[in-house]
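Undergrad: File name entry-v8.txt; file contents compact mmCIF, C-alpha atoms; full text below.
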```
# COMPACT_ATOMS: atom_id res chain seq x y z
CA GLY A 1 -44.09 -1.73 -65.54
CA GLU A 2 -40.99 -2.77 -67.42
CA ASP A 3 -40.49 -6.17 -65.82
CA VAL A 4 -41.09 -9.69 -67.06
CA GLU A 5 -42.49 -11.46 -64.03
CA GLN A 6 -42.31 -15.08 -62.96
CA SER A 7 -42.87 -16.88 -59.71
CA LEU A 8 -39.51 -17.81 -58.21
CA PHE A 9 -40.10 -21.41 -57.16
CA LEU A 10 -42.08 -24.47 -58.22
CA SER A 11 -41.90 -27.95 -56.73
CA VAL A 12 -43.56 -31.00 -58.28
CA ARG A 13 -43.40 -34.77 -57.97
CA GLU A 14 -41.82 -36.87 -60.67
CA GLY A 15 -44.43 -37.85 -63.27
CA ASP A 16 -46.68 -34.87 -62.56
CA SER A 17 -47.13 -31.93 -64.92
CA SER A 18 -45.36 -28.65 -64.21
CA VAL A 19 -46.78 -25.30 -65.23
CA ILE A 20 -44.54 -22.25 -65.12
CA ASN A 21 -46.22 -18.90 -65.63
CA CYS A 22 -44.91 -15.58 -66.90
CA THR A 23 -46.31 -12.14 -67.57
CA TYR A 24 -44.52 -9.88 -70.01
CA THR A 25 -44.70 -6.22 -70.80
CA ASP A 26 -44.25 -5.38 -74.46
CA SER A 27 -47.36 -6.05 -76.52
CA SER A 28 -45.28 -5.55 -79.67
CA SER A 29 -42.90 -8.42 -78.85
CA THR A 30 -42.77 -10.67 -81.88
CA TYR A 31 -41.34 -13.72 -80.16
CA LEU A 32 -41.51 -15.04 -76.61
CA TYR A 33 -39.03 -17.55 -75.33
CA TRP A 34 -38.44 -20.16 -72.69
CA TYR A 35 -34.84 -20.91 -71.71
CA LYS A 36 -33.63 -23.60 -69.32
CA GLN A 37 -30.53 -23.18 -67.17
CA GLU A 38 -29.04 -26.10 -65.26
CA PRO A 39 -26.64 -25.41 -62.36
CA GLY A 40 -23.37 -23.90 -63.54
CA ALA A 41 -24.41 -23.99 -67.18
CA GLY A 42 -25.46 -21.52 -69.86
CA LEU A 43 -28.98 -20.93 -71.13
CA GLN A 44 -30.51 -23.57 -73.37
CA LEU A 45 -33.24 -22.40 -75.71
CA LEU A 46 -36.17 -24.71 -74.99
CA THR A 47 -38.87 -23.31 -77.19
CA TYR A 48 -40.33 -20.08 -78.50
CA ILE A 49 -43.69 -18.93 -79.75
CA PHE A 50 -44.56 -16.34 -82.34
CA SER A 51 -46.92 -13.69 -81.04
CA ASN A 52 -49.70 -14.51 -83.51
CA MET A 53 -49.98 -18.04 -82.12
CA ASP A 54 -51.79 -19.03 -78.96
CA MET A 55 -50.34 -22.50 -78.49
CA LYS A 56 -47.29 -24.46 -79.48
CA GLN A 57 -46.57 -28.08 -78.59
CA ASP A 58 -43.18 -29.76 -78.80
CA GLN A 59 -43.03 -33.27 -77.34
CA ARG A 60 -43.49 -32.86 -73.55
CA LEU A 61 -43.57 -29.07 -73.76
CA THR A 62 -46.69 -26.98 -74.34
CA VAL A 63 -46.54 -23.20 -74.55
CA LEU A 64 -49.71 -21.18 -74.14
CA LEU A 65 -49.88 -17.51 -75.00
CA ASN A 66 -52.65 -15.13 -73.97
CA LYS A 67 -51.73 -11.98 -75.82
CA LYS A 68 -54.61 -9.96 -74.38
CA ASP A 69 -53.39 -10.57 -70.81
CA LYS A 70 -49.70 -10.71 -71.84
CA HIS A 71 -49.49 -14.09 -70.14
CA LEU A 72 -47.23 -16.93 -71.20
CA SER A 73 -47.02 -20.39 -69.69
CA LEU A 74 -44.85 -23.44 -70.12
CA ARG A 75 -46.29 -26.84 -69.31
CA ILE A 76 -43.95 -29.80 -68.94
CA ALA A 77 -45.76 -33.12 -69.07
CA ASP A 78 -44.49 -36.15 -67.14
CA THR A 79 -41.85 -34.07 -65.34
CA GLN A 80 -38.58 -35.89 -64.69
CA THR A 81 -35.77 -35.25 -62.23
CA GLY A 82 -33.66 -34.11 -65.18
CA ASP A 83 -36.10 -31.24 -65.67
CA SER A 84 -34.94 -29.68 -62.40
CA ALA A 85 -33.45 -26.34 -63.42
CA ILE A 86 -34.19 -22.62 -63.61
CA TYR A 87 -36.59 -21.65 -66.38
CA PHE A 88 -36.40 -18.13 -67.80
CA CYS A 89 -39.18 -16.48 -69.72
CA ALA A 90 -37.98 -13.80 -72.15
CA GLU A 91 -39.47 -11.35 -74.61
CA SER A 92 -37.89 -9.61 -77.54
CA THR A 93 -38.00 -5.87 -76.98
CA ARG A 94 -38.64 -3.04 -79.44
CA ASN A 95 -34.93 -2.79 -80.27
CA ASN A 96 -34.78 -6.57 -80.68
CA ASP A 97 -32.90 -7.29 -77.48
CA MET A 98 -34.00 -9.77 -74.87
CA ARG A 99 -35.77 -8.94 -71.62
CA PHE A 100 -35.63 -11.81 -69.13
CA GLY A 101 -37.77 -12.69 -66.17
CA ALA A 102 -36.09 -13.49 -62.86
CA GLY A 103 -36.37 -17.22 -63.51
CA THR A 104 -38.43 -19.98 -61.89
CA ARG A 105 -36.52 -22.66 -60.01
CA LEU A 106 -38.22 -25.99 -60.72
CA THR A 107 -37.53 -28.78 -58.25
CA VAL A 108 -38.69 -32.27 -59.14
CA LYS A 109 -39.04 -34.67 -56.21
CA PRO A 110 -38.79 -38.44 -56.76
CA ASP B 1 -25.87 -26.77 -85.42
CA THR B 2 -26.78 -24.14 -82.84
CA GLU B 3 -23.58 -24.19 -80.85
CA VAL B 4 -21.88 -21.23 -79.27
CA THR B 5 -18.59 -22.08 -77.56
CA GLN B 6 -16.86 -20.12 -74.82
CA THR B 7 -13.41 -20.39 -73.31
CA PRO B 8 -12.24 -20.69 -70.67
CA LYS B 9 -14.92 -22.47 -68.70
CA HIS B 10 -13.59 -21.13 -65.40
CA LEU B 11 -11.25 -18.22 -64.67
CA VAL B 12 -9.74 -16.96 -61.44
CA MET B 13 -7.92 -13.65 -61.60
CA GLY B 14 -6.48 -11.04 -59.31
CA MET B 15 -7.51 -7.41 -59.43
CA THR B 16 -4.30 -6.42 -61.26
CA ASN B 17 -4.47 -9.12 -63.93
CA LYS B 18 -5.39 -8.79 -67.58
CA LYS B 19 -7.33 -11.66 -69.10
CA SER B 20 -9.66 -12.31 -72.02
CA LEU B 21 -12.82 -14.30 -72.49
CA LYS B 22 -13.47 -15.81 -75.90
CA CYS B 23 -16.65 -16.73 -77.72
CA GLU B 24 -17.07 -18.41 -81.08
CA GLN B 25 -19.96 -19.41 -83.32
CA HIS B 26 -20.03 -20.88 -86.80
CA MET B 27 -23.73 -20.49 -87.56
CA GLY B 28 -23.21 -17.46 -89.78
CA HIS B 29 -24.86 -15.23 -87.17
CA ARG B 30 -24.17 -11.52 -87.54
CA ALA B 31 -25.14 -10.39 -84.05
CA MET B 32 -23.24 -11.34 -80.92
CA TYR B 33 -23.85 -10.45 -77.29
CA TRP B 34 -22.12 -10.41 -73.91
CA TYR B 35 -24.21 -10.88 -70.79
CA LYS B 36 -23.27 -10.91 -67.11
CA GLN B 37 -25.21 -13.17 -64.76
CA LYS B 38 -24.95 -13.01 -60.99
CA ALA B 39 -26.17 -15.91 -58.87
CA LYS B 40 -29.94 -16.35 -58.80
CA LYS B 41 -30.46 -13.45 -61.21
CA PRO B 42 -31.34 -13.27 -64.91
CA PRO B 43 -28.65 -12.37 -67.43
CA GLU B 44 -27.93 -8.66 -67.84
CA LEU B 45 -26.96 -7.36 -71.25
CA MET B 46 -23.51 -5.77 -71.46
CA PHE B 47 -22.63 -5.37 -75.14
CA VAL B 48 -24.12 -6.06 -78.54
CA TYR B 49 -22.21 -6.35 -81.79
CA SER B 50 -24.07 -6.25 -85.06
CA TYR B 51 -22.13 -6.92 -88.27
CA GLU B 52 -18.89 -6.64 -86.27
CA LYS B 53 -19.71 -3.15 -85.04
CA LEU B 54 -20.53 -2.30 -81.46
CA SER B 55 -24.14 -1.24 -81.41
CA ILE B 56 -24.96 -1.29 -77.70
CA ASN B 57 -22.83 -0.65 -74.65
CA GLU B 58 -25.09 -0.81 -71.62
CA SER B 59 -23.09 1.60 -69.45
CA VAL B 60 -20.50 -1.03 -68.68
CA PRO B 61 -17.32 0.12 -66.86
CA SER B 62 -14.25 0.56 -69.04
CA ARG B 63 -12.45 -2.27 -67.25
CA PHE B 64 -14.52 -4.47 -69.62
CA SER B 65 -13.48 -4.04 -73.24
CA PRO B 66 -15.23 -5.99 -76.01
CA GLU B 67 -13.72 -6.84 -79.35
CA CYS B 68 -15.18 -8.49 -82.44
CA PRO B 69 -12.26 -9.53 -84.69
CA ASN B 70 -14.56 -11.14 -87.24
CA SER B 71 -18.13 -12.30 -87.60
CA SER B 72 -17.47 -15.61 -85.81
CA LEU B 73 -15.47 -14.38 -82.83
CA LEU B 74 -16.22 -12.18 -79.87
CA ASN B 75 -13.77 -11.37 -77.10
CA LEU B 76 -14.16 -9.66 -73.77
CA HIS B 77 -10.92 -8.17 -72.41
CA LEU B 78 -10.74 -7.78 -68.66
CA HIS B 79 -8.42 -5.45 -66.77
CA ALA B 80 -8.34 -4.25 -63.17
CA LEU B 81 -11.55 -6.01 -62.22
CA GLN B 82 -13.19 -5.81 -58.82
CA PRO B 83 -14.44 -8.71 -56.67
CA GLU B 84 -18.03 -7.66 -57.43
CA ASP B 85 -17.35 -8.46 -61.10
CA SER B 86 -17.30 -12.15 -60.18
CA ALA B 87 -20.16 -13.73 -62.16
CA LEU B 88 -21.04 -16.05 -65.01
CA TYR B 89 -20.31 -14.33 -68.34
CA LEU B 90 -22.50 -15.54 -71.14
CA CYS B 91 -22.04 -15.06 -74.84
CA ALA B 92 -24.96 -15.34 -77.26
CA SER B 93 -25.50 -14.94 -80.96
CA SER B 94 -28.45 -14.40 -83.26
CA GLN B 95 -28.82 -14.41 -86.99
CA ASP B 96 -29.55 -10.73 -87.03
CA ARG B 97 -30.85 -7.92 -84.81
CA GLU B 98 -33.26 -6.56 -87.30
CA ALA B 99 -36.98 -6.90 -86.66
CA GLY B 100 -38.99 -9.54 -88.38
CA GLY B 101 -38.92 -13.18 -87.56
CA ARG B 102 -36.76 -15.75 -86.00
CA LYS B 103 -33.56 -13.93 -86.86
CA GLU B 104 -33.52 -12.33 -83.40
CA THR B 105 -33.62 -15.66 -81.51
CA GLN B 106 -30.52 -15.80 -79.35
CA TYR B 107 -28.45 -18.92 -78.76
CA PHE B 108 -26.27 -18.97 -75.68
CA GLY B 109 -22.89 -20.46 -74.91
CA PRO B 110 -22.17 -22.37 -71.68
CA GLY B 111 -20.58 -19.34 -70.05
CA THR B 112 -17.31 -18.54 -68.33
CA ARG B 113 -17.47 -18.53 -64.56
CA LEU B 114 -15.21 -15.71 -63.39
CA LEU B 115 -13.89 -15.25 -59.88
CA VAL B 116 -12.01 -12.05 -59.05
CA LEU B 117 -9.90 -12.19 -55.91
```
Can you present the structure in this file as structure tokens?
TA:
Amino acid sequence: GEDVEQSLFLSVREGDSSVINCTYTDSSSTYLYWYKQEPGAGLQLLTYIFSNMDMKQDQRLTVLLNKKDKHLSLRIADTQTGDSAIYFCAESTRNNDMRFGAGTRLTVKP
Amino acid sequence: DTEVTQTPKHLVMGMTNKKSLKCEQHMGHRAMYWYKQKAKKPPELMFVYSYEKLSINESVPSRFSPECPNSSLLNLHLHALQPEDSALYLCASSQDREAGGRKETQYFGPGTRLLVL
């Protein structure tokens, strides 16, 4: 299909790791992105990964890419209450525009 | 600096009003975008400007009229809107829209929350 798919909700306890999963559609996408959106705010670019990589680490964030299965994940280590937000997975399409998933609402419980 | 600014932050307008949303970036980006985001939904692309020319209009009603006065500014003129147009309007920019590399990475502004009464 044409959709980027994500589970809608994830709830974790403070200090645990969070893993948000995404499947995308376009095998020719050059970059895949994770954006964070806090309530009432715009989208903040968290990280991105080039399609010829399978892992990227940036402080508490680890992105894993399985190009064969078109599966992308975002792991947040030591999740904090400030990480509570909606996380959007996105792929760049053939005409270089962005296709977003529906977003995963992460809730971090103290 | 990866900042995209948008004004106003909030806007309430009646169905007969004319208003404008503004977006500005000083990163030297040559592609700018308008998105509409309804609650609990991902952003939906409305318009794309590339080198100050409109390159995509995603079948948006004519009551929304974009304008790109120069490479740093993007406006969205609103006229005779409907209550269902109430949403968060997001502006984004990228270095370029051409294929090949990080140039297509989009940076978003904080959005304008629009309420149409």
Undergrad: If I wrap all listed atoms of range 64-75 of chain B in a box with edges along x, y and z and add 5 Å on each side, what are its centre and edge lengths in Å to one decimal, as lines of an AutoDock Vina configuration file?
TA:
```
center_x = -15.2
center_y = -9.8
center_z = -78.6
size_x = 15.9
size_y = 21.6
size_z = 28.0
```
Undergrad: For each of A:Leu10, A:Ser18, A:Pro110, A:Thr23, take the minimum atom-to-atom distance to Leu61 in chain A, counting all atoms listed in the file, then give the residue where this is smallest.
TA: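 Closest candidate: A:Ser18.
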Undergrad: Smallest atom-to-atom distance to chain B: which of A:Asp69, A:Asp83, A:Asp26, A:Glu38, using all atoms listed in the file?
TA: A:Glu38
Undergrad: So what do you get for CA of Arg75 in chain A versus CA of Ser17 in chain A, distance-wise?
TA: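 About the pair CA of Arg75 in chain A and CA of Ser17 in chain A: they are 6.8 Å apart.
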Undergrad: For chain B, work out the contacting residues on chain A at 7 Å, counting only C-alpha atoms, and write them as an mmCIF file with C-alpha atoms, in the coordinates of the input.
TA:
```
data_model
loop_
_atom_site.group_PDB
_atom_site.id
_atom_site.type_symbol
_atom_site.label_atom_id
_atom_site.label_comp_id
_atom_site.auth_asym_id
_atom_site.auth_seq_id
_atom_site.Cartn_x
_atom_site.Cartn_y
_atom_site.Cartn_z
ATOM 1 C CA ALA A 41 -24.410 -23.990 -67.180
ATOM 2 C CA GLY A 42 -25.460 -21.520 -69.860
ATOM 3 C CA LEU A 43 -28.980 -20.930 -71.130
ATOM 4 C CA GLN A 44 -30.510 -23.570 -73.370
ATOM 5 C CA LEU A 45 -33.240 -22.400 -75.710
ATOM 6 C CA ASN A 96 -34.780 -6.570 -80.680
ATOM 7 C CA PHE A 100 -35.630 -11.810 -69.130
ATOM 8 C CA GLY A 101 -37.770 -12.690 -66.170
ATOM 9 C CA ALA A 102 -36.090 -13.490 -62.860
ATOM 10 C CA GLY A 103 -36.370 -17.220 -63.510
#
```
Undergrad: One decimal, Å: what's the distance from CA of Gln25 in chain B over to CA of Glu67 in chain B, could you say?
TA: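 Result for CA of Gln25 in chain B versus CA of Glu67 in chain B: 14.6 Å, one decimal.
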Undergrad: Which polymer residues have any atom within 6 Å of an atom of His71 in chain A, counting all atoms listed in the file, with same-chain residues fewer than 3 positions away left out, as a PDB file with C-alpha atoms, keeping the file's coordinate frame?
TA:
```
ATOM      1  CA  CYS A  22     -44.910 -15.580 -66.900  1.00  0.00           C
ATOM      2  CA  THR A  23     -46.310 -12.140 -67.570  1.00  0.00           C
ATOM      3  CA  LEU A  65     -49.880 -17.510 -75.000  1.00  0.00           C
ATOM      4  CA  ASN A  66     -52.650 -15.130 -73.970  1.00  0.00           C
TER       5      ASN A  66
END
```
Undergrad: Determine, counting all atoms listed in the file, which protein, DNA and RNA residues have an atom within 9 Å of an atom of Ala90 in chain A; residues of the same chain fewer than 4 positions away are not included. Present the result as number ranges by chain.
TA: A: 4, 22, 24, 31-35, 98-101
Undergrad: As number ranges by chain, please: the residues near Val12 in chain A (cut-off 10 Å, all atoms listed in the file, same-chain neighbours under 2 positions excluded).
TA: A: 10, 14-19, 79-81, 84, 106-110
Undergrad: Could you model all heavy atoms for range 17-28 of chain A and present them as a compact mmCIF listing (two decimals), in the coordinates of the input?
TA:
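Final output, out_21.txt:
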```txt
# COMPACT_ATOMS: atom_id res chain seq x y z
N SER A 17 -47.36 -33.03 -63.98
CA SER A 17 -47.13 -31.93 -64.92
C SER A 17 -46.68 -30.70 -64.15
O SER A 17 -47.12 -30.47 -63.02
CB SER A 17 -48.42 -31.59 -65.67
OG SER A 17 -48.76 -32.63 -66.55
N SER A 18 -45.81 -29.93 -64.78
CA SER A 18 -45.36 -28.65 -64.21
C SER A 18 -45.91 -27.53 -65.09
O SER A 18 -45.88 -27.66 -66.32
CB SER A 18 -43.84 -28.56 -64.23
OG SER A 18 -43.25 -29.68 -63.65
N VAL A 19 -46.35 -26.48 -64.46
CA VAL A 19 -46.78 -25.30 -65.23
C VAL A 19 -46.07 -24.08 -64.67
O VAL A 19 -46.20 -23.75 -63.49
CB VAL A 19 -48.31 -25.09 -65.16
CG1 VAL A 19 -48.69 -23.84 -65.95
CG2 VAL A 19 -49.04 -26.31 -65.70
N ILE A 20 -45.28 -23.45 -65.51
CA ILE A 20 -44.54 -22.25 -65.12
C ILE A 20 -45.17 -21.07 -65.85
O ILE A 20 -45.35 -21.11 -67.07
CB ILE A 20 -43.05 -22.38 -65.50
CG1 ILE A 20 -42.46 -23.63 -64.85
CG2 ILE A 20 -42.28 -21.15 -65.08
CD1 ILE A 20 -41.06 -23.96 -65.33
N ASN A 21 -45.51 -20.05 -65.08
CA ASN A 21 -46.22 -18.90 -65.63
C ASN A 21 -45.33 -17.66 -65.72
O ASN A 21 -44.37 -17.51 -64.96
CB ASN A 21 -47.43 -18.57 -64.75
CG ASN A 21 -48.47 -19.67 -64.79
OD1 ASN A 21 -48.96 -20.02 -65.85
ND2 ASN A 21 -48.79 -20.23 -63.64
N CYS A 22 -45.71 -16.78 -66.64
CA CYS A 22 -44.91 -15.58 -66.90
C CYS A 22 -45.84 -14.49 -67.42
O CYS A 22 -46.76 -14.78 -68.20
CB CYS A 22 -43.84 -15.92 -67.94
SG CYS A 22 -42.95 -14.53 -68.64
N THR A 23 -45.63 -13.27 -66.95
CA THR A 23 -46.31 -12.14 -67.57
C THR A 23 -45.26 -11.22 -68.16
O THR A 23 -44.21 -10.99 -67.53
CB THR A 23 -47.20 -11.37 -66.58
OG1 THR A 23 -46.41 -11.00 -65.44
CG2 THR A 23 -48.36 -12.20 -66.12
N TYR A 24 -45.50 -10.73 -69.34
CA TYR A 24 -44.52 -9.88 -70.01
C TYR A 24 -45.12 -8.50 -70.23
O TYR A 24 -46.26 -8.24 -69.86
CB TYR A 24 -44.06 -10.53 -71.32
CG TYR A 24 -45.13 -10.76 -72.35
CD1 TYR A 24 -45.34 -9.87 -73.38
CD2 TYR A 24 -45.94 -11.90 -72.29
CE1 TYR A 24 -46.33 -10.08 -74.32
CE2 TYR A 24 -46.93 -12.12 -73.22
CZ TYR A 24 -47.12 -11.22 -74.24
OH TYR A 24 -48.11 -11.43 -75.17
N THR A 25 -44.31 -7.63 -70.81
CA THR A 25 -44.70 -6.22 -70.80
C THR A 25 -44.95 -5.61 -72.17
O THR A 25 -45.80 -4.72 -72.30
CB THR A 25 -43.60 -5.38 -70.12
OG1 THR A 25 -42.36 -5.58 -70.81
CG2 THR A 25 -43.42 -5.79 -68.68
N ASP A 26 -44.24 -6.09 -73.17
CA ASP A 26 -44.25 -5.38 -74.46
C ASP A 26 -45.22 -6.06 -75.41
O ASP A 26 -44.92 -7.15 -75.93
CB ASP A 26 -42.83 -5.36 -75.03
CG ASP A 26 -42.70 -4.46 -76.24
OD1 ASP A 26 -43.74 -4.07 -76.82
OD2 ASP A 26 -41.56 -4.17 -76.62
N SER A 27 -46.34 -5.43 -75.66
CA SER A 27 -47.36 -6.05 -76.52
C SER A 27 -46.87 -6.16 -77.97
O SER A 27 -47.47 -6.89 -78.76
CB SER A 27 -48.66 -5.26 -76.46
OG SER A 27 -48.43 -3.92 -76.85
N SER A 28 -45.79 -5.46 -78.30
CA SER A 28 -45.28 -5.55 -79.67
C SER A 28 -44.20 -6.61 -79.83
O SER A 28 -43.64 -6.77 -80.91
CB SER A 28 -44.73 -4.19 -80.12
OG SER A 28 -43.57 -3.88 -79.38
```
